[in-house]
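Read through the structure below, which is laid out as structure tokens, and then see the notes.
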Amino acid sequence: MISYAPLMATLHKKKITKTDLQKMIEVSSATLAKISKDEYVSMKVIDEICEKLECKIEDVIVHVKEEDHQS
């Protein structure tokens, strides 16, 4: 599972709101909502975030191992 927790921390450090980010990378509110819900977005969006925030991919996403919920 992909988590955008590092992005939220990066935004907080840089004092940038999610709305500001949306304007910076020129994405729809639906894409921003996907990020907020830890849903998949295109690598192009991730690349644009890294470019605009001048950060590494590790500052945007992290892979979190999902627990096996099968019995």
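Chain labels run A, B, ... following the order of the structure tokens; each chain numbers its residues from 1, and ligands are numbered from 1 in the order shown.
Residues with any atom within 10 Å of segment 53-62 of chain A, counting only C-alpha atoms and excluding same-chain neighbours fewer than 2 positions away, are Met1, Ile2, Ser3, Tyr4, Ala5, Pro6, Leu7, Met8, Ala9, Thr10, Leu11, Lys14, Ile16, Leu21, Met24, Ile25, Ile35, Asp38, Ile46, Asp47, Glu48, Ile49, Cys50, Glu51, Val64 and Lys65 of chain A.
Between atom CA of Ala30 of chain A and atom CA of Ser42 of chain A lies a distance of 12.7 Å.
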### Query
In chain A, what's strand (DSSP E) per DSSP? Answer as a PyMOL selection string?
chain A and resi 2-3+62-63
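Going from atom CA of Thr17 of chain A to atom CA of Thr31 of chain A covers 14.9 Å.
The spacing separating atom CA of Lys18 of chain A from atom CA of Glu66 of chain A amounts to 25.8 Å.
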### Query
Which of chain A counts as alpha helix (DSSP H) under DSSP, as a VMD selection string please?
chain A and resid 5 to 14 18 to 25 29 to 36 43 to 53
Suppose we keep C-alpha atoms; can you now write the selection as a PDB file, in the first residue's frame?
ATOM      1  CA  ALA A   5       2.103  10.596   4.962  1.00  0.00           C
ATOM      2  CA  PRO A   6       5.572  11.857   3.993  1.00  0.00           C
ATOM      3  CA  LEU A   7       3.940  14.353   1.619  1.00  0.00           C
ATOM      4  CA  MET A   8       1.760  15.704   4.404  1.00  0.00           C
ATOM      5  CA  ALA A   9       4.860  16.133   6.599  1.00  0.00           C
ATOM      6  CA  THR A  10       6.719  17.823   3.728  1.00  0.00           C
ATOM      7  CA  LEU A  11       3.827  20.207   3.120  1.00  0.00           C
ATOM      8  CA  HIS A  12       3.683  21.024   6.825  1.00  0.00           C
ATOM      9  CA  LYS A  13       7.446  21.691   6.940  1.00  0.00           C
ATOM     10  CA  LYS A  14       7.251  23.956   3.916  1.00  0.00           C
ATOM     11  CA  LYS A  18      -3.037  21.022   0.020  1.00  0.00           C
ATOM     12  CA  THR A  19      -4.913  23.685  -1.936  1.00  0.00           C
ATOM     13  CA  ASP A  20      -1.629  25.462  -2.667  1.00  0.00           C
ATOM     14  CA  LEU A  21      -0.162  22.151  -3.827  1.00  0.00           C
ATOM     15  CA  GLN A  22      -3.150  21.574  -6.101  1.00  0.00           C
ATOM     16  CA  LYS A  23      -2.541  24.920  -7.770  1.00  0.00           C
ATOM     17  CA  MET A  24       1.223  24.364  -7.999  1.00  0.00           C
ATOM     18  CA  ILE A  25       0.952  21.031  -9.793  1.00  0.00           C
ATOM     19  CA  SER A  29      -9.591  18.294  -6.769  1.00  0.00           C
ATOM     20  CA  ALA A  30     -10.343  14.608  -7.469  1.00  0.00           C
ATOM     21  CA  THR A  31      -6.621  13.855  -7.733  1.00  0.00           C
ATOM     22  CA  LEU A  32      -5.959  15.727  -4.518  1.00  0.00           C
ATOM     23  CA  ALA A  33      -8.750  13.741  -2.851  1.00  0.00           C
ATOM     24  CA  LYS A  34      -7.076  10.496  -4.000  1.00  0.00           C
ATOM     25  CA  ILE A  35      -3.840  11.618  -2.392  1.00  0.00           C
ATOM     26  CA  SER A  36      -5.693  12.461   0.826  1.00  0.00           C
ATOM     27  CA  MET A  43       3.714   8.671 -11.500  1.00  0.00           C
ATOM     28  CA  LYS A  44       3.475  11.877 -13.514  1.00  0.00           C
ATOM     29  CA  VAL A  45       1.679  13.498 -10.572  1.00  0.00           C
ATOM     30  CA  ILE A  46       4.312  12.190  -8.138  1.00  0.00           C
ATOM     31  CA  ASP A  47       7.065  13.489 -10.430  1.00  0.00           C
ATOM     32  CA  GLU A  48       5.406  16.902 -10.631  1.00  0.00           C
ATOM     33  CA  ILE A  49       5.107  17.074  -6.834  1.00  0.00           C
ATOM     34  CA  CYS A  50       8.814  16.251  -6.444  1.00  0.00           C
ATOM     35  CA  GLU A  51       9.720  18.853  -9.051  1.00  0.00           C
ATOM     36  CA  LYS A  52       7.607  21.675  -7.605  1.00  0.00           C
ATOM     37  CA  LEU A  53       8.479  20.965  -3.972  1.00  0.00           C
TER      38      LEU A  53
END
